[in-house]
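What's in entry.pdb: PDB, C-alpha atoms
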```pdb
ATOM      1  CA  MET X   1     -11.359 -18.803  30.617  1.00  0.00           C
ATOM      2  CA  ASN X   2     -10.441 -15.203  31.488  1.00  0.00           C
ATOM      3  CA  HIS X   3     -10.012 -12.237  29.175  1.00  0.00           C
ATOM      4  CA  ASN X   4      -6.238 -12.723  29.059  1.00  0.00           C
ATOM      5  CA  ASP X   5      -6.439 -16.208  27.534  1.00  0.00           C
ATOM      6  CA  ILE X   6      -5.715 -16.357  23.833  1.00  0.00           C
ATOM      7  CA  VAL X   7      -7.833 -18.746  21.847  1.00  0.00           C
ATOM      8  CA  ALA X   8      -6.573 -19.864  18.466  1.00  0.00           C
ATOM      9  CA  VAL X   9      -9.238 -20.478  15.858  1.00  0.00           C
ATOM     10  CA  PRO X  10      -7.525 -22.174  12.916  1.00  0.00           C
ATOM     11  CA  THR X  11     -10.030 -21.002  10.297  1.00  0.00           C
ATOM     12  CA  ALA X  12     -10.254 -17.438  11.592  1.00  0.00           C
ATOM     13  CA  LYS X  13      -6.779 -16.204  10.735  1.00  0.00           C
ATOM     14  CA  ALA X  14      -5.939 -15.486   7.139  1.00  0.00           C
ATOM     15  CA  PRO X  15      -2.330 -16.177   6.221  1.00  0.00           C
ATOM     16  CA  LYS X  16      -0.113 -13.115   6.094  1.00  0.00           C
ATOM     17  CA  TYR X  17       1.140 -11.794   2.801  1.00  0.00           C
ATOM     18  CA  GLY X  18       4.486 -13.411   2.084  1.00  0.00           C
ATOM     19  CA  GLY X  19       5.476 -11.895  -1.244  1.00  0.00           C
ATOM     20  CA  PRO X  20       4.327 -12.143  -4.845  1.00  0.00           C
ATOM     21  CA  GLU X  21       4.724 -15.925  -5.073  1.00  0.00           C
ATOM     22  CA  GLN X  22       2.272 -16.397  -2.183  1.00  0.00           C
ATOM     23  CA  THR X  23      -0.304 -13.871  -3.338  1.00  0.00           C
ATOM     24  CA  ALA X  24      -2.558 -16.371  -5.138  1.00  0.00           C
ATOM     25  CA  VAL X  25      -2.403 -18.892  -2.284  1.00  0.00           C
ATOM     26  CA  VAL X  26      -3.113 -16.259   0.359  1.00  0.00           C
ATOM     27  CA  ARG X  27      -6.020 -14.910  -1.681  1.00  0.00           C
ATOM     28  CA  VAL X  28      -7.581 -18.328  -2.180  1.00  0.00           C
ATOM     29  CA  ASP X  29      -7.222 -19.310   1.497  1.00  0.00           C
ATOM     30  CA  SER X  30      -8.587 -15.979   2.646  1.00  0.00           C
ATOM     31  CA  ILE X  31     -11.603 -16.156   0.342  1.00  0.00           C
ATOM     32  CA  ARG X  32     -12.336 -19.725   1.434  1.00  0.00           C
ATOM     33  CA  GLN X  33     -12.286 -18.691   5.080  1.00  0.00           C
ATOM     34  CA  ILE X  34     -14.511 -15.691   4.437  1.00  0.00           C
ATOM     35  CA  VAL X  35     -17.059 -17.672   2.445  1.00  0.00           C
ATOM     36  CA  ASN X  36     -17.093 -20.481   5.033  1.00  0.00           C
ATOM     37  CA  SER X  37     -17.717 -17.956   7.810  1.00  0.00           C
ATOM     38  CA  LYS X  38     -20.651 -16.502   5.848  1.00  0.00           C
ATOM     39  CA  ARG X  39     -22.025 -19.981   5.163  1.00  0.00           C
ATOM     40  CA  ASP X  40     -21.831 -20.736   8.879  1.00  0.00           C
ATOM     41  CA  LEU X  41     -23.635 -17.479   9.672  1.00  0.00           C
ATOM     42  CA  LEU X  42     -26.351 -18.259   7.131  1.00  0.00           C
ATOM     43  CA  GLU X  43     -26.907 -21.702   8.637  1.00  0.00           C
ATOM     44  CA  LYS X  44     -27.289 -20.206  12.122  1.00  0.00           C
ATOM     45  CA  SER X  45     -29.609 -17.375  11.076  1.00  0.00           C
ATOM     46  CA  PRO X  46     -33.338 -17.602  10.516  1.00  0.00           C
ATOM     47  CA  VAL X  47     -34.697 -16.491   7.170  1.00  0.00           C
ATOM     48  CA  ARG X  48     -35.974 -13.138   8.458  1.00  0.00           C
ATOM     49  CA  VAL X  49     -36.291 -11.591  11.898  1.00  0.00           C
ATOM     50  CA  ASP X  50     -39.286  -9.387  12.712  1.00  0.00           C
ATOM     51  CA  LEU X  51     -37.567  -6.071  13.359  1.00  0.00           C
ATOM     52  CA  ARG X  52     -40.437  -4.904  15.577  1.00  0.00           C
ATOM     53  CA  ASP X  53     -39.566  -7.743  17.999  1.00  0.00           C
ATOM     54  CA  GLU X  54     -36.730  -6.342  20.116  1.00  0.00           C
ATOM     55  CA  GLY X  55     -36.073  -9.732  21.761  1.00  0.00           C
ATOM     56  CA  ALA X  56     -35.648 -11.465  18.400  1.00  0.00           C
ATOM     57  CA  VAL X  57     -33.356  -8.687  17.154  1.00  0.00           C
ATOM     58  CA  ARG X  58     -31.321  -8.894  20.369  1.00  0.00           C
ATOM     59  CA  GLN X  59     -30.948 -12.697  19.968  1.00  0.00           C
ATOM     60  CA  ALA X  60     -29.883 -12.316  16.343  1.00  0.00           C
ATOM     61  CA  ALA X  61     -27.389  -9.600  17.301  1.00  0.00           C
ATOM     62  CA  ASP X  62     -25.962 -11.830  20.022  1.00  0.00           C
ATOM     63  CA  ARG X  63     -25.672 -14.706  17.528  1.00  0.00           C
ATOM     64  CA  TYR X  64     -23.939 -12.356  15.081  1.00  0.00           C
ATOM     65  CA  LEU X  65     -21.494 -11.074  17.694  1.00  0.00           C
ATOM     66  CA  SER X  66     -20.657 -14.660  18.724  1.00  0.00           C
ATOM     67  CA  HIS X  67     -20.026 -15.444  15.065  1.00  0.00           C
ATOM     68  CA  CYS X  68     -17.730 -12.393  14.778  1.00  0.00           C
ATOM     69  CA  THR X  69     -15.830 -13.572  17.851  1.00  0.00           C
ATOM     70  CA  ASP X  70     -15.532 -17.148  16.539  1.00  0.00           C
ATOM     71  CA  TYR X  71     -14.195 -16.003  13.164  1.00  0.00           C
ATOM     72  CA  ALA X  72     -12.205 -13.000  14.446  1.00  0.00           C
ATOM     73  CA  VAL X  73     -13.982 -10.471  12.262  1.00  0.00           C
ATOM     74  CA  LEU X  74     -15.167  -7.002  13.135  1.00  0.00           C
ATOM     75  CA  PRO X  75     -18.941  -6.630  13.370  1.00  0.00           C
ATOM     76  CA  SER X  76     -20.706  -4.371  10.907  1.00  0.00           C
ATOM     77  CA  PHE X  77     -24.213  -3.145  10.291  1.00  0.00           C
ATOM     78  CA  VAL X  78     -24.104  -4.918   6.932  1.00  0.00           C
ATOM     79  CA  GLY X  79     -23.327  -8.226   8.644  1.00  0.00           C
ATOM     80  CA  LEU X  80     -26.068  -7.619  11.203  1.00  0.00           C
ATOM     81  CA  ALA X  81     -28.541  -6.903   8.400  1.00  0.00           C
ATOM     82  CA  ALA X  82     -27.652 -10.196   6.731  1.00  0.00           C
ATOM     83  CA  THR X  83     -28.069 -12.011  10.056  1.00  0.00           C
ATOM     84  CA  LEU X  84     -31.495 -10.408  10.455  1.00  0.00           C
ATOM     85  CA  GLY X  85     -32.427 -11.540   6.940  1.00  0.00           C
ATOM     86  CA  VAL X  86     -32.803  -8.019   5.518  1.00  0.00           C
ATOM     87  CA  SER X  87     -30.744  -5.723   3.316  1.00  0.00           C
ATOM     88  CA  ARG X  88     -28.678  -2.974   4.868  1.00  0.00           C
ATOM     89  CA  MET X  89     -30.865  -0.367   3.140  1.00  0.00           C
ATOM     90  CA  TYR X  90     -33.991  -1.950   4.630  1.00  0.00           C
ATOM     91  CA  LEU X  91     -32.341  -1.933   8.052  1.00  0.00           C
ATOM     92  CA  TYR X  92     -31.360   1.750   7.716  1.00  0.00           C
ATOM     93  CA  ARG X  93     -34.906   2.660   6.566  1.00  0.00           C
ATOM     94  CA  PHE X  94     -36.402   0.728   9.493  1.00  0.00           C
ATOM     95  CA  LEU X  95     -34.055   2.507  11.878  1.00  0.00           C
ATOM     96  CA  GLU X  96     -34.920   5.925  10.432  1.00  0.00           C
ATOM     97  CA  GLN X  97     -38.660   5.281  10.719  1.00  0.00           C
ATOM     98  CA  ASN X  98     -38.517   3.602  14.153  1.00  0.00           C
ATOM     99  CA  ARG X  99     -35.733   5.479  15.917  1.00  0.00           C
ATOM    100  CA  GLU X 100     -37.724   5.916  19.151  1.00  0.00           C
ATOM    101  CA  SER X 101     -38.919   2.302  19.416  1.00  0.00           C
ATOM    102  CA  SER X 102     -37.085  -0.141  21.685  1.00  0.00           C
ATOM    103  CA  THR X 103     -35.733  -1.956  18.619  1.00  0.00           C
ATOM    104  CA  GLY X 104     -34.688   1.349  17.066  1.00  0.00           C
ATOM    105  CA  ARG X 105     -32.752   2.283  20.190  1.00  0.00           C
ATOM    106  CA  LEU X 106     -31.131  -1.169  20.241  1.00  0.00           C
ATOM    107  CA  LEU X 107     -30.133  -0.900  16.569  1.00  0.00           C
ATOM    108  CA  GLU X 108     -28.735   2.594  17.150  1.00  0.00           C
ATOM    109  CA  GLN X 109     -26.694   1.263  20.072  1.00  0.00           C
ATOM    110  CA  LEU X 110     -25.424  -1.689  17.998  1.00  0.00           C
ATOM    111  CA  ARG X 111     -24.453   0.616  15.130  1.00  0.00           C
ATOM    112  CA  SER X 112     -22.472   2.811  17.524  1.00  0.00           C
ATOM    113  CA  LEU X 113     -20.793  -0.210  19.129  1.00  0.00           C
ATOM    114  CA  PHE X 114     -19.823  -1.637  15.719  1.00  0.00           C
ATOM    115  CA  THR X 115     -18.341   1.724  14.730  1.00  0.00           C
ATOM    116  CA  ASP X 116     -16.476   1.899  18.030  1.00  0.00           C
ATOM    117  CA  ALA X 117     -15.121  -1.636  17.463  1.00  0.00           C
ATOM    118  CA  ARG X 118     -13.773  -0.578  14.054  1.00  0.00           C
ATOM    119  CA  ILE X 119     -12.148   2.560  15.502  1.00  0.00           C
ATOM    120  CA  THR X 120     -10.643   0.613  18.417  1.00  0.00           C
ATOM    121  CA  ALA X 121      -9.319  -2.072  16.056  1.00  0.00           C
ATOM    122  CA  ALA X 122      -7.632   0.585  13.906  1.00  0.00           C
ATOM    123  CA  ASP X 123      -6.218   2.198  17.039  1.00  0.00           C
ATOM    124  CA  ARG X 124      -4.712  -1.155  18.071  1.00  0.00           C
ATOM    125  CA  ASN X 125      -3.402  -1.852  14.544  1.00  0.00           C
ATOM    126  CA  ALA X 126      -5.852  -4.744  14.159  1.00  0.00           C
ATOM    127  CA  ALA X 127      -7.589  -3.090  11.196  1.00  0.00           C
ATOM    128  CA  LEU X 128      -6.284  -1.098   8.273  1.00  0.00           C
ATOM    129  CA  GLU X 129      -6.439   2.578   9.116  1.00  0.00           C
ATOM    130  CA  SER X 130      -7.164   3.612   5.516  1.00  0.00           C
ATOM    131  CA  LEU X 131     -10.069   1.156   5.219  1.00  0.00           C
ATOM    132  CA  THR X 132     -11.430   2.284   8.572  1.00  0.00           C
ATOM    133  CA  ILE X 133     -11.329   5.917   7.471  1.00  0.00           C
ATOM    134  CA  PHE X 134     -13.044   5.029   4.186  1.00  0.00           C
ATOM    135  CA  LEU X 135     -15.776   3.037   5.938  1.00  0.00           C
ATOM    136  CA  LEU X 136     -16.409   5.738   8.509  1.00  0.00           C
ATOM    137  CA  LYS X 137     -16.598   8.507   5.911  1.00  0.00           C
ATOM    138  CA  ASN X 138     -18.760   6.576   3.493  1.00  0.00           C
ATOM    139  CA  GLY X 139     -21.004   4.762   5.941  1.00  0.00           C
ATOM    140  CA  ASN X 140     -24.120   6.189   7.482  1.00  0.00           C
ATOM    141  CA  GLU X 141     -22.313   7.246  10.633  1.00  0.00           C
ATOM    142  CA  GLY X 142     -21.950  10.942   9.889  1.00  0.00           C
ATOM    143  CA  PHE X 143     -18.139  10.959   9.794  1.00  0.00           C
ATOM    144  CA  ALA X 144     -16.757  13.217   7.065  1.00  0.00           C
ATOM    145  CA  ASP X 145     -14.010  15.689   6.382  1.00  0.00           C
ATOM    146  CA  ARG X 146     -15.211  19.151   7.234  1.00  0.00           C
ATOM    147  CA  VAL X 147     -14.214  22.085   5.088  1.00  0.00           C
ATOM    148  CA  GLU X 148     -15.203  25.583   6.125  1.00  0.00           C
ATOM    149  CA  VAL X 149     -16.299  27.661   3.150  1.00  0.00           C
ATOM    150  CA  ALA X 150     -16.904  31.339   3.683  1.00  0.00           C
ATOM    151  CA  PRO X 151     -17.975  33.807   1.024  1.00  0.00           C
ATOM    152  CA  ALA X 152     -15.224  36.134  -0.097  1.00  0.00           C
ATOM    153  CA  GLU X 153     -15.569  39.753   0.884  1.00  0.00           C
ATOM    154  CA  PRO X 154     -16.398  41.782  -2.198  1.00  0.00           C
ATOM    155  CA  SER X 155     -13.596  44.161  -3.007  1.00  0.00           C
ATOM    156  CA  ASN X 156     -13.666  47.136  -5.298  1.00  0.00           C
ATOM    157  CA  PRO X 157     -10.227  48.153  -6.604  1.00  0.00           C
ATOM    158  CA  PHE X 158     -11.569  51.663  -7.242  1.00  0.00           C
ATOM    159  CA  GLY X 159     -12.731  52.131  -3.661  1.00  0.00           C
ATOM    160  CA  ASN X 160     -15.302  54.885  -3.354  1.00  0.00           C
ATOM    161  CA  MET X 161     -14.377  56.686  -6.604  1.00  0.00           C
ATOM    162  CA  ASP X 162     -17.153  58.000  -8.736  1.00  0.00           C
ATOM    163  CA  VAL X 163     -17.595  56.473 -12.195  1.00  0.00           C
ATOM    164  CA  GLU X 164     -15.809  59.294 -14.069  1.00  0.00           C
ATOM    165  CA  ALA X 165     -12.742  59.198 -11.792  1.00  0.00           C
ATOM    166  CA  ALA X 166     -12.583  55.397 -12.126  1.00  0.00           C
ATOM    167  CA  ARG X 167     -12.740  55.720 -15.945  1.00  0.00           C
ATOM    168  CA  ARG X 168      -9.891  58.263 -15.998  1.00  0.00           C
ATOM    169  CA  ARG X 169      -7.753  56.051 -13.711  1.00  0.00           C
ATOM    170  CA  LEU X 170      -8.368  53.028 -15.916  1.00  0.00           C
ATOM    171  CA  ILE X 171      -7.472  54.910 -19.119  1.00  0.00           C
ATOM    172  CA  GLU X 172      -4.295  56.309 -17.540  1.00  0.00           C
ATOM    173  CA  SER X 173      -3.198  52.791 -16.545  1.00  0.00           C
ATOM    174  CA  ILE X 174      -3.258  51.531 -20.145  1.00  0.00           C
ATOM    175  CA  PRO X 175       0.298  51.551 -21.618  1.00  0.00           C
ATOM    176  CA  ASP X 176       1.061  53.102 -25.017  1.00  0.00           C
ATOM    177  CA  ASP X 177       0.842  50.798 -28.057  1.00  0.00           C
ATOM    178  CA  ASP X 178       4.574  50.513 -28.529  1.00  0.00           C
ATOM    179  CA  GLY X 179       5.298  50.244 -24.866  1.00  0.00           C
ATOM    180  CA  ASP X 180       7.500  53.346 -25.030  1.00  0.00           C
ATOM    181  CA  ALA X 181       6.160  56.446 -23.331  1.00  0.00           C
ATOM    182  CA  GLU X 182       8.548  58.704 -25.316  1.00  0.00           C
ATOM    183  CA  GLY X 183       7.854  59.010 -29.043  1.00  0.00           C
TER     184      GLY X 183
END
```

Mind turning this structure into structure tokens?
Amino acid sequence: MNHNDIVAVPTAKAPKYGGPEQTAVVRVDSIRQIVNSKRDLLEKSPVRVDLRDEGAVRQAADRYLSHCTDYAVLPSFVGLAATLGVSRMYLYRFLEQNRESSTGRLLEQLRSLFTDARITAADRNAALESLTIFLLKNGNEGFADRVEVAPAEPSNPFGNMDVEAARRRLIESIPDDDGDAEG
């Protein structure tokens, strides 16, 4: 099989939204497919992978990527964590504490590849752009809107006037009580 062949996986494609009358059916079918894919992943994954063992992590990652291919889903660090038998927070902590280890470098590479897959899928209209933006901004990837904030230059409306001159100018600017300058 070459890269141009299209393989149809009957359980991998959720039905397309066909209007309000199909909403419940589409939702149920989609949820069934998602849950079945997770059940399949759970059955193929060991209880917990030793994250210090780069070979075991690499095998689990390969198994996870094959699963993503079989079910036509984008890979994520959350899915990888589940495949490894750990929580995503545990995986992020491990990565932070072991960044320079061979497993740390592998996990960093996988995280970047998963992010790239999401961006590429959005670029090819295979993933919702708004969800991709949300995931990138709120994930641990460092993507965020940047806003430049600079302190305002202090300004003095009285310039370099001395205090007495500023007081006189202020008093002169106050209108008469009745608003009429002529009595």

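When you apply the PyMOL selection byres ((chain X and resi 55-72) around 9) to this structure, what comes back is X:Val9, X:Thr11, X:Ala12, X:Lys13, X:Gln33, X:Ile34, X:Ser37, X:Asp40, X:Leu41, X:Lys44, X:Ser45, X:Pro46, X:Val49, X:Asp50, X:Leu51, X:Arg52, X:Asp53, X:Glu54, X:Val73, X:Leu74, X:Pro75, X:Gly79, X:Leu80, X:Thr83, X:Leu84, X:Thr103, X:Leu106, X:Leu107, X:Leu110.
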
Write the residues of the selection above to a file with C-alpha atoms, as a short mmCIF file (atom, residue, chain, number, x, y, z; two decimals), in the coordinates of the input.
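After the write, again_25.cif holds the following:
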```cif
data_model
loop_
_atom_site.label_atom_id
_atom_site.label_comp_id
_atom_site.auth_asym_id
_atom_site.auth_seq_id
_atom_site.Cartn_x
_atom_site.Cartn_y
_atom_site.Cartn_z
CA VAL X 9 -9.24 -20.48 15.86
CA THR X 11 -10.03 -21.00 10.30
CA ALA X 12 -10.25 -17.44 11.59
CA LYS X 13 -6.78 -16.20 10.74
CA GLN X 33 -12.29 -18.69 5.08
CA ILE X 34 -14.51 -15.69 4.44
CA SER X 37 -17.72 -17.96 7.81
CA ASP X 40 -21.83 -20.74 8.88
CA LEU X 41 -23.64 -17.48 9.67
CA LYS X 44 -27.29 -20.21 12.12
CA SER X 45 -29.61 -17.38 11.08
CA PRO X 46 -33.34 -17.60 10.52
CA VAL X 49 -36.29 -11.59 11.90
CA ASP X 50 -39.29 -9.39 12.71
CA LEU X 51 -37.57 -6.07 13.36
CA ARG X 52 -40.44 -4.90 15.58
CA ASP X 53 -39.57 -7.74 18.00
CA GLU X 54 -36.73 -6.34 20.12
CA VAL X 73 -13.98 -10.47 12.26
CA LEU X 74 -15.17 -7.00 13.14
CA PRO X 75 -18.94 -6.63 13.37
CA GLY X 79 -23.33 -8.23 8.64
CA LEU X 80 -26.07 -7.62 11.20
CA THR X 83 -28.07 -12.01 10.06
CA LEU X 84 -31.50 -10.41 10.46
CA THR X 103 -35.73 -1.96 18.62
CA LEU X 106 -31.13 -1.17 20.24
CA LEU X 107 -30.13 -0.90 16.57
CA LEU X 110 -25.42 -1.69 18.00
#
```

Check: What is the distance, in Å and to one decimal place, between CA of Ile133 (chain X) and CA of Arg105 (chain X)?
Finding: 25.2 Å

Next item on the list: Please evaluate the PyMOL selection byres ((chain X and resi 77) around 12) against the displayed coordinates and give the resulting residues as a PyMOL selection string.
Entry: chain X and resi 61+64-65+74-76+78-84+86-92+95+107-115+117-118+135-136+139-141

Note to self: Can you measure CA of Phe143 (chain X) to CA of Asp116 (chain X) for me? One decimal in Å is fine.
What the structure shows: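 A separation of 12.4 Å between them.
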
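For the atom pair formed by CA of Arg99 (chain X) and CA of Asn138 (chain X), the distance is 21.1 Å, given to one decimal.
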